[in-house]
$ cat protein14.pdb   # PDB, C-alpha atoms
ATOM      1  CA  MET A   1     -17.828   4.324 -12.959  1.00  0.00           C
ATOM      2  CA  PRO A   2     -16.164   0.973 -13.770  1.00  0.00           C
ATOM      3  CA  ARG A   3     -15.090   0.407 -17.369  1.00  0.00           C
ATOM      4  CA  ILE A   4     -13.908  -2.525 -19.468  1.00  0.00           C
ATOM      5  CA  ILE A   5     -10.247  -1.859 -20.270  1.00  0.00           C
ATOM      6  CA  ALA A   6      -9.161  -5.217 -21.759  1.00  0.00           C
ATOM      7  CA  ILE A   7     -10.636  -8.393 -23.218  1.00  0.00           C
ATOM      8  CA  LEU A   8      -9.418 -11.912 -23.878  1.00  0.00           C
ATOM      9  CA  PHE A   9     -11.509 -13.236 -26.754  1.00  0.00           C
ATOM     10  CA  GLU A  10     -12.492 -16.918 -26.689  1.00  0.00           C
ATOM     11  CA  ASP A  11     -13.849 -19.254 -29.399  1.00  0.00           C
ATOM     12  CA  ASP A  12     -17.284 -18.719 -27.848  1.00  0.00           C
ATOM     13  CA  PRO A  13     -17.565 -14.903 -27.824  1.00  0.00           C
ATOM     14  CA  ASP A  14     -19.869 -14.958 -24.797  1.00  0.00           C
ATOM     15  CA  ALA A  15     -17.199 -16.824 -22.779  1.00  0.00           C
ATOM     16  CA  ALA A  16     -14.609 -14.072 -23.118  1.00  0.00           C
ATOM     17  CA  TYR A  17     -12.691 -12.740 -20.138  1.00  0.00           C
ATOM     18  CA  ILE A  18     -12.834  -9.029 -19.431  1.00  0.00           C
ATOM     19  CA  ALA A  19     -10.765  -6.758 -17.232  1.00  0.00           C
ATOM     20  CA  VAL A  20     -12.727  -4.009 -15.528  1.00  0.00           C
ATOM     21  CA  GLU A  21     -11.030  -0.974 -14.023  1.00  0.00           C
ATOM     22  CA  LEU A  22     -12.767  -0.125 -10.756  1.00  0.00           C
ATOM     23  CA  ASP A  23     -13.306   3.309  -9.331  1.00  0.00           C
ATOM     24  CA  SER A  24     -10.646   3.768  -6.703  1.00  0.00           C
ATOM     25  CA  PRO A  25      -9.638   6.817  -4.678  1.00  0.00           C
ATOM     26  CA  GLU A  26      -5.994   5.765  -4.880  1.00  0.00           C
ATOM     27  CA  GLU A  27      -4.402   3.534  -7.523  1.00  0.00           C
ATOM     28  CA  PRO A  28      -6.600   1.814 -10.104  1.00  0.00           C
ATOM     29  CA  GLU A  29      -7.674  -1.738  -9.309  1.00  0.00           C
ATOM     30  CA  ILE A  30      -8.617  -4.315 -11.922  1.00  0.00           C
ATOM     31  CA  LEU A  31     -11.287  -7.002 -11.607  1.00  0.00           C
ATOM     32  CA  PHE A  32     -11.182  -9.951 -14.024  1.00  0.00           C
ATOM     33  CA  MET A  33     -14.547 -11.458 -15.011  1.00  0.00           C
ATOM     34  CA  LYS A  34     -15.668 -14.275 -17.336  1.00  0.00           C
ATOM     35  CA  GLY A  35     -18.814 -14.198 -19.435  1.00  0.00           C
ATOM     36  CA  PRO A  36     -21.549 -14.897 -20.056  1.00  0.00           C
ATOM     37  CA  GLY A  37     -22.883 -14.861 -16.474  1.00  0.00           C
ATOM     38  CA  PHE A  38     -19.906 -13.077 -14.899  1.00  0.00           C
ATOM     39  CA  GLU A  39     -20.166 -15.173 -11.721  1.00  0.00           C
ATOM     40  CA  LYS A  40     -16.469 -16.018 -12.054  1.00  0.00           C
ATOM     41  CA  ARG A  41     -14.571 -13.003 -10.727  1.00  0.00           C
ATOM     42  CA  MET A  42     -10.930 -12.669  -9.805  1.00  0.00           C
ATOM     43  CA  GLY A  43      -9.448  -9.743  -7.916  1.00  0.00           C
ATOM     44  CA  PRO A  44      -9.385  -6.872  -7.608  1.00  0.00           C
ATOM     45  CA  PHE A  45      -5.696  -6.656  -8.426  1.00  0.00           C
ATOM     46  CA  PRO A  46      -3.331  -3.693  -8.639  1.00  0.00           C
ATOM     47  CA  LEU A  47      -2.722  -2.331 -12.130  1.00  0.00           C
ATOM     48  CA  PRO A  48       0.875  -3.683 -12.447  1.00  0.00           C
ATOM     49  CA  TYR A  49      -0.374  -7.233 -11.769  1.00  0.00           C
ATOM     50  CA  ALA A  50      -3.177  -6.773 -14.297  1.00  0.00           C
ATOM     51  CA  GLU A  51      -0.753  -5.456 -16.929  1.00  0.00           C
ATOM     52  CA  ALA A  52       1.414  -8.561 -16.494  1.00  0.00           C
ATOM     53  CA  THR A  53      -1.686 -10.727 -16.906  1.00  0.00           C
ATOM     54  CA  PHE A  54      -2.644  -8.837 -20.078  1.00  0.00           C
ATOM     55  CA  SER A  55       0.775  -9.588 -21.570  1.00  0.00           C
ATOM     56  CA  ARG A  56       0.925 -13.221 -20.480  1.00  0.00           C
ATOM     57  CA  TRP A  57      -2.524 -14.172 -21.801  1.00  0.00           C
ATOM     58  CA  ASN A  58      -2.684 -11.781 -24.794  1.00  0.00           C
ATOM     59  CA  TYR A  59      -5.536  -9.623 -23.592  1.00  0.00           C
ATOM     60  CA  ARG A  60      -6.441  -6.846 -26.025  1.00  0.00           C
ATOM     61  CA  ARG A  61      -6.552  -3.332 -24.554  1.00  0.00           C
ATOM     62  CA  VAL A  62      -9.801  -1.509 -25.301  1.00  0.00           C
ATOM     63  CA  LYS A  63      -9.232   1.844 -26.974  1.00  0.00           C
ATOM     64  CA  ASN A  64     -12.598   3.391 -26.089  1.00  0.00           C
ATOM     65  CA  PRO A  65     -13.485   1.545 -22.862  1.00  0.00           C
ATOM     66  CA  PRO A  66     -17.222   1.317 -22.209  1.00  0.00           C
ATOM     67  CA  HIS A  67     -18.531   2.098 -18.742  1.00  0.00           C
ATOM     68  CA  VAL A  68     -20.397  -0.790 -17.130  1.00  0.00           C
ATOM     69  CA  ALA A  69     -22.550  -1.676 -14.144  1.00  0.00           C
ATOM     70  CA  LEU A  70     -20.771  -4.540 -12.346  1.00  0.00           C
ATOM     71  CA  ASN A  71     -23.917  -6.137 -10.948  1.00  0.00           C
ATOM     72  CA  ASP A  72     -25.848  -6.187 -14.230  1.00  0.00           C
ATOM     73  CA  ALA A  73     -24.799  -9.318 -16.162  1.00  0.00           C
ATOM     74  CA  ARG A  74     -26.992  -8.403 -19.143  1.00  0.00           C
ATOM     75  CA  ALA A  75     -25.396  -4.965 -19.448  1.00  0.00           C
ATOM     76  CA  LEU A  76     -21.906  -6.466 -19.067  1.00  0.00           C
ATOM     77  CA  LEU A  77     -22.638  -9.046 -21.776  1.00  0.00           C
ATOM     78  CA  SER A  78     -24.046  -6.366 -24.070  1.00  0.00           C
ATOM     79  CA  ALA A  79     -20.960  -4.171 -23.623  1.00  0.00           C
ATOM     80  CA  MET A  80     -18.652  -7.165 -24.108  1.00  0.00           C
ATOM     81  CA  ARG A  81     -20.421  -8.215 -27.319  1.00  0.00           C
ATOM     82  CA  ARG A  82     -19.767  -4.775 -28.799  1.00  0.00           C
ATOM     83  CA  LEU A  83     -15.996  -5.196 -28.337  1.00  0.00           C
ATOM     84  CA  LYS A  84     -14.267  -6.228 -31.549  1.00  0.00           C
ATOM     85  CA  PRO A  85     -10.582  -6.836 -32.313  1.00  0.00           C
ATOM     86  CA  ASP A  86      -8.828  -4.077 -34.208  1.00  0.00           C
ATOM     87  CA  ARG A  87      -5.908  -4.382 -36.615  1.00  0.00           C
ATOM     88  CA  ASN A  88      -3.370  -3.084 -34.110  1.00  0.00           C
ATOM     89  CA  GLY A  89      -3.760  -5.854 -31.523  1.00  0.00           C
ATOM     90  CA  GLY A  90      -6.280  -3.958 -29.424  1.00  0.00           C
ATOM     91  CA  ALA A  91     -10.049  -3.900 -29.259  1.00  0.00           C
ATOM     92  CA  VAL A  92     -12.668  -1.253 -29.891  1.00  0.00           C
ATOM     93  CA  SER A  93     -16.302  -0.816 -28.882  1.00  0.00           C
ATOM     94  CA  VAL A  94     -18.172  -0.688 -32.184  1.00  0.00           C
ATOM     95  CA  SER A  95     -21.228   1.252 -31.035  1.00  0.00           C
ATOM     96  CA  GLY A  96     -19.615   3.872 -28.814  1.00  0.00           C
ATOM     97  CA  ARG A  97     -22.574   3.599 -26.402  1.00  0.00           C
ATOM     98  CA  GLU A  98     -21.863   3.278 -22.722  1.00  0.00           C
ATOM     99  CA  GLU A  99     -23.684   1.023 -20.299  1.00  0.00           C
ATOM    100  CA  ARG A 100     -24.774   3.054 -17.297  1.00  0.00           C
ATOM    101  CA  ALA A 101     -25.921   1.898 -13.881  1.00  0.00           C
TER     102      ALA A 101
END
$ encode --input "protein14.pdb" --output "structure tokens"
Amino acid sequence: MPRIIAILFEDDPDAAYIAVELDSPEEPEILFMKGPGFEKRMGPFPLPYAEATFSRWNYRRVKNPPHVALNDARALLSAMRRLKPDRNGGAVSVSGREERA
């Protein structure tokens, strides 16, 4: 199941960018999405490209990545809203709940 692995927080929390790791039989692929409607999607990209993007734009890696349903904007927004910055430059899901399809 896809999971949010990184987030780029914005001034408007609902306009954050997220990086979602897709289920893949081979190497992981990353899809970038922008809230709150998640109509803006970029990718999927191979993991090395995504890692370079994380570094360049200061994405925060999510320590306990929540699973998400890609076609459910409300569930994506709910999962994204639970992501909070941590003191170590990452992000953490504060509720620990997972969004399921």
$ closest_residue --input "protein14.pdb" --among "A:Pro36, A:Glu27, A:Val68, A:Ser95" --to "Pro48 in chain A" --atoms "only C-alpha atoms"
A:Glu27
$ residues_around --input "protein14.pdb" --residues "Pro46 in chain A" --least-positions-apart "4" --cutoff "9 Å" --atoms "only C-alpha atoms" --output "list in words"
Glu27, Pro28, Glu29, Ile30, Ala50 and Glu51 of chain A
$ write_last_selection --input "protein14.pdb" --atoms "C-alpha atoms" --output "short mmCIF file (atom, residue, chain, number, x, y, z; two decimals), in the coordinates of the input"
data_model
loop_
_atom_site.label_atom_id
_atom_site.label_comp_id
_atom_site.auth_asym_id
_atom_site.auth_seq_id
_atom_site.Cartn_x
_atom_site.Cartn_y
_atom_site.Cartn_z
CA GLU A 27 -4.40 3.53 -7.52
CA PRO A 28 -6.60 1.81 -10.10
CA GLU A 29 -7.67 -1.74 -9.31
CA ILE A 30 -8.62 -4.32 -11.92
CA ALA A 50 -3.18 -6.77 -14.30
CA GLU A 51 -0.75 -5.46 -16.93
#
$ residues_around --input "protein14.pdb" --residues "range 76-90 of chain A" --least-positions-apart "4" --cutoff "7 Å" --atoms "all atoms listed in the file" --output "PyMOL selection string"
chain A and resi 35-36+60-63+66+68-69+72+94-95+99
$ residues_around --input "protein14.pdb" --residues "Phe38 in chain A" --least-positions-apart "3" --cutoff "9 Å" --atoms "all atoms listed in the file" --output "list of chain:residue names"
A:Tyr17, A:Met33, A:Lys34, A:Gly35, A:Arg41, A:Leu70, A:Asn71, A:Ala73, A:Leu76, A:Leu77
$ axis_aligned_box --input "protein14.pdb" --around "range 80-88 of chain A" --padding-each-side "5 Å" --output "AutoDock Vina command-line options"
--center_x -11.9 --center_y -5.6 --center_z -30.4 --size_x 27.1 --size_y 15.1 --size_z 22.5
$ resolve_selection --input "protein14.pdb" --expression "the PyMOL selection byres ((chain A and resi 1) around 9)" --output "list of chain:residue names"
A:Pro2, A:Arg3, A:Glu21, A:Leu22, A:Asp23, A:His67, A:Val68, A:Ala69, A:Arg100, A:Ala101
$ closest_residue --input "protein14.pdb" --among "A:Glu26, A:Phe32, A:Ser93, A:Ala75" --to "Leu8 in chain A" --atoms "all atoms listed in the file"
A:Phe32
$ atom_distance --input "protein14.pdb" --atom1 "CA of Asp11 in chain A" --atom2 "CA of Pro44 in chain A"
25.5 Å
$ atom_distance --input "protein14.pdb" --atom1 "CA of Ala15 in chain A" --atom2 "CA of Ser55 in chain A"
19.4 Å
$ closest_residue --input "protein14.pdb" --among "A:Asp12, A:Ala52, A:Glu39, A:Ile18" --to "Pro65 in chain A" --atoms "all atoms listed in the file"
A:Ile18
$ atom_distance --input "protein14.pdb" --atom1 "CA of Leu31 in chain A" --atom2 "CA of Leu47 in chain A"
9.8 Å
$ closest_residue --input "protein14.pdb" --among "A:Val20, A:Gly37, A:Phe45, A:Asn64" --to "Ile7 in chain A" --atoms "all atoms listed in the file"
A:Val20
$ closest_residue --input "protein14.pdb" --among "A:Asn58, A:Tyr49, A:Ser24, A:Lys40" --to "Ala91 in chain A" --atoms "all atoms listed in the file"
A:Asn58
$ decode --input "protein14.pdb" --residues "range 12-29 of chain A" --atoms "N, CA, C and O atoms" --output "JSON list (two decimals), in the first residue's frame"
[["chain", "number", "residue", "atom", "x", "y", "z"],
["A", 12, "ASP", "N", 0.78, 27.62, 4.31],
["A", 12, "ASP", "CA", -0.57, 27.07, 4.44],
["A", 12, "ASP", "C", -0.40, 25.56, 4.57],
["A", 12, "ASP", "O", -0.02, 24.89, 3.60],
["A", 13, "PRO", "N", -0.65, 25.00, 5.75],
["A", 13, "PRO", "CA", -0.40, 23.56, 5.95],
["A", 13, "PRO", "C", -1.11, 22.66, 4.94],
["A", 13, "PRO", "O", -0.58, 21.61, 4.59],
["A", 14, "ASP", "N", -2.28, 23.07, 4.46],
["A", 14, "ASP", "CA", -3.01, 22.24, 3.51],
["A", 14, "ASP", "C", -2.41, 22.29, 2.11],
["A", 14, "ASP", "O", -2.81, 21.53, 1.24],
["A", 15, "ALA", "N", -1.46, 23.18, 1.87],
["A", 15, "ALA", "CA", -0.81, 23.30, 0.56],
["A", 15, "ALA", "C", 0.56, 22.64, 0.54],
["A", 15, "ALA", "O", 1.36, 22.87, -0.36],
["A", 16, "ALA", "N", 0.82, 21.79, 1.51],
["A", 16, "ALA", "CA", 2.11, 21.10, 1.57],
["A", 16, "ALA", "C", 2.26, 20.13, 0.39],
["A", 16, "ALA", "O", 1.28, 19.70, -0.22],
["A", 17, "TYR", "N", 3.51, 19.82, 0.09],
["A", 17, "TYR", "CA", 3.84, 18.80, -0.90],
["A", 17, "TYR", "C", 4.18, 17.53, -0.14],
["A", 17, "TYR", "O", 4.85, 17.57, 0.89],
["A", 18, "ILE", "N", 3.72, 16.40, -0.67],
["A", 18, "ILE", "CA", 4.06, 15.12, -0.07],
["A", 18, "ILE", "C", 4.72, 14.23, -1.11],
["A", 18, "ILE", "O", 4.50, 14.40, -2.31],
["A", 19, "ALA", "N", 5.52, 13.31, -0.63],
["A", 19, "ALA", "CA", 6.13, 12.30, -1.48],
["A", 19, "ALA", "C", 5.58, 10.95, -1.02],
["A", 19, "ALA", "O", 5.67, 10.60, 0.15],
["A", 20, "VAL", "N", 4.98, 10.25, -1.96],
["A", 20, "VAL", "CA", 4.33, 8.97, -1.66],
["A", 20, "VAL", "C", 5.11, 7.85, -2.34],
["A", 20, "VAL", "O", 5.34, 7.88, -3.55],
["A", 21, "GLU", "N", 5.53, 6.88, -1.54],
["A", 21, "GLU", "CA", 6.20, 5.70, -2.09],
["A", 21, "GLU", "C", 5.13, 4.74, -2.59],
["A", 21, "GLU", "O", 4.24, 4.35, -1.82],
["A", 22, "LEU", "N", 5.22, 4.38, -3.86],
["A", 22, "LEU", "CA", 4.24, 3.50, -4.48],
["A", 22, "LEU", "C", 4.66, 2.05, -4.32],
["A", 22, "LEU", "O", 5.85, 1.73, -4.25],
["A", 23, "ASP", "N", 3.67, 1.18, -4.32],
["A", 23, "ASP", "CA", 3.96, -0.24, -4.35],
["A", 23, "ASP", "C", 4.57, -0.56, -5.70],
["A", 23, "ASP", "O", 4.05, -0.15, -6.74],
["A", 24, "SER", "N", 5.69, -1.23, -5.69],
["A", 24, "SER", "CA", 6.36, -1.55, -6.94],
["A", 24, "SER", "C", 7.02, -2.92, -6.81],
["A", 24, "SER", "O", 7.66, -3.19, -5.79],
["A", 25, "PRO", "N", 6.87, -3.76, -7.82],
["A", 25, "PRO", "CA", 7.49, -5.09, -7.74],
["A", 25, "PRO", "C", 9.02, -5.03, -7.83],
["A", 25, "PRO", "O", 9.69, -5.97, -7.44],
["A", 26, "GLU", "N", 9.54, -3.94, -8.34],
["A", 26, "GLU", "CA", 10.99, -3.81, -8.49],
["A", 26, "GLU", "C", 11.50, -2.76, -7.53],
["A", 26, "GLU", "O", 11.37, -2.90, -6.33],
["A", 27, "GLU", "N", 12.08, -1.68, -8.04],
["A", 27, "GLU", "CA", 12.58, -0.60, -7.19],
["A", 27, "GLU", "C", 11.44, 0.33, -6.81],
["A", 27, "GLU", "O", 10.52, 0.53, -7.59],
["A", 28, "PRO", "N", 11.53, 0.93, -5.62],
["A", 28, "PRO", "CA", 10.49, 1.87, -5.20],
["A", 28, "PRO", "C", 10.39, 3.05, -6.15],
["A", 28, "PRO", "O", 11.39, 3.51, -6.69],
["A", 29, "GLU", "N", 9.17, 3.52, -6.37],
["A", 29, "GLU", "CA", 8.93, 4.72, -7.16],
["A", 29, "GLU", "C", 8.20, 5.72, -6.27],
["A", 29, "GLU", "O", 7.40, 5.34, -5.42]]
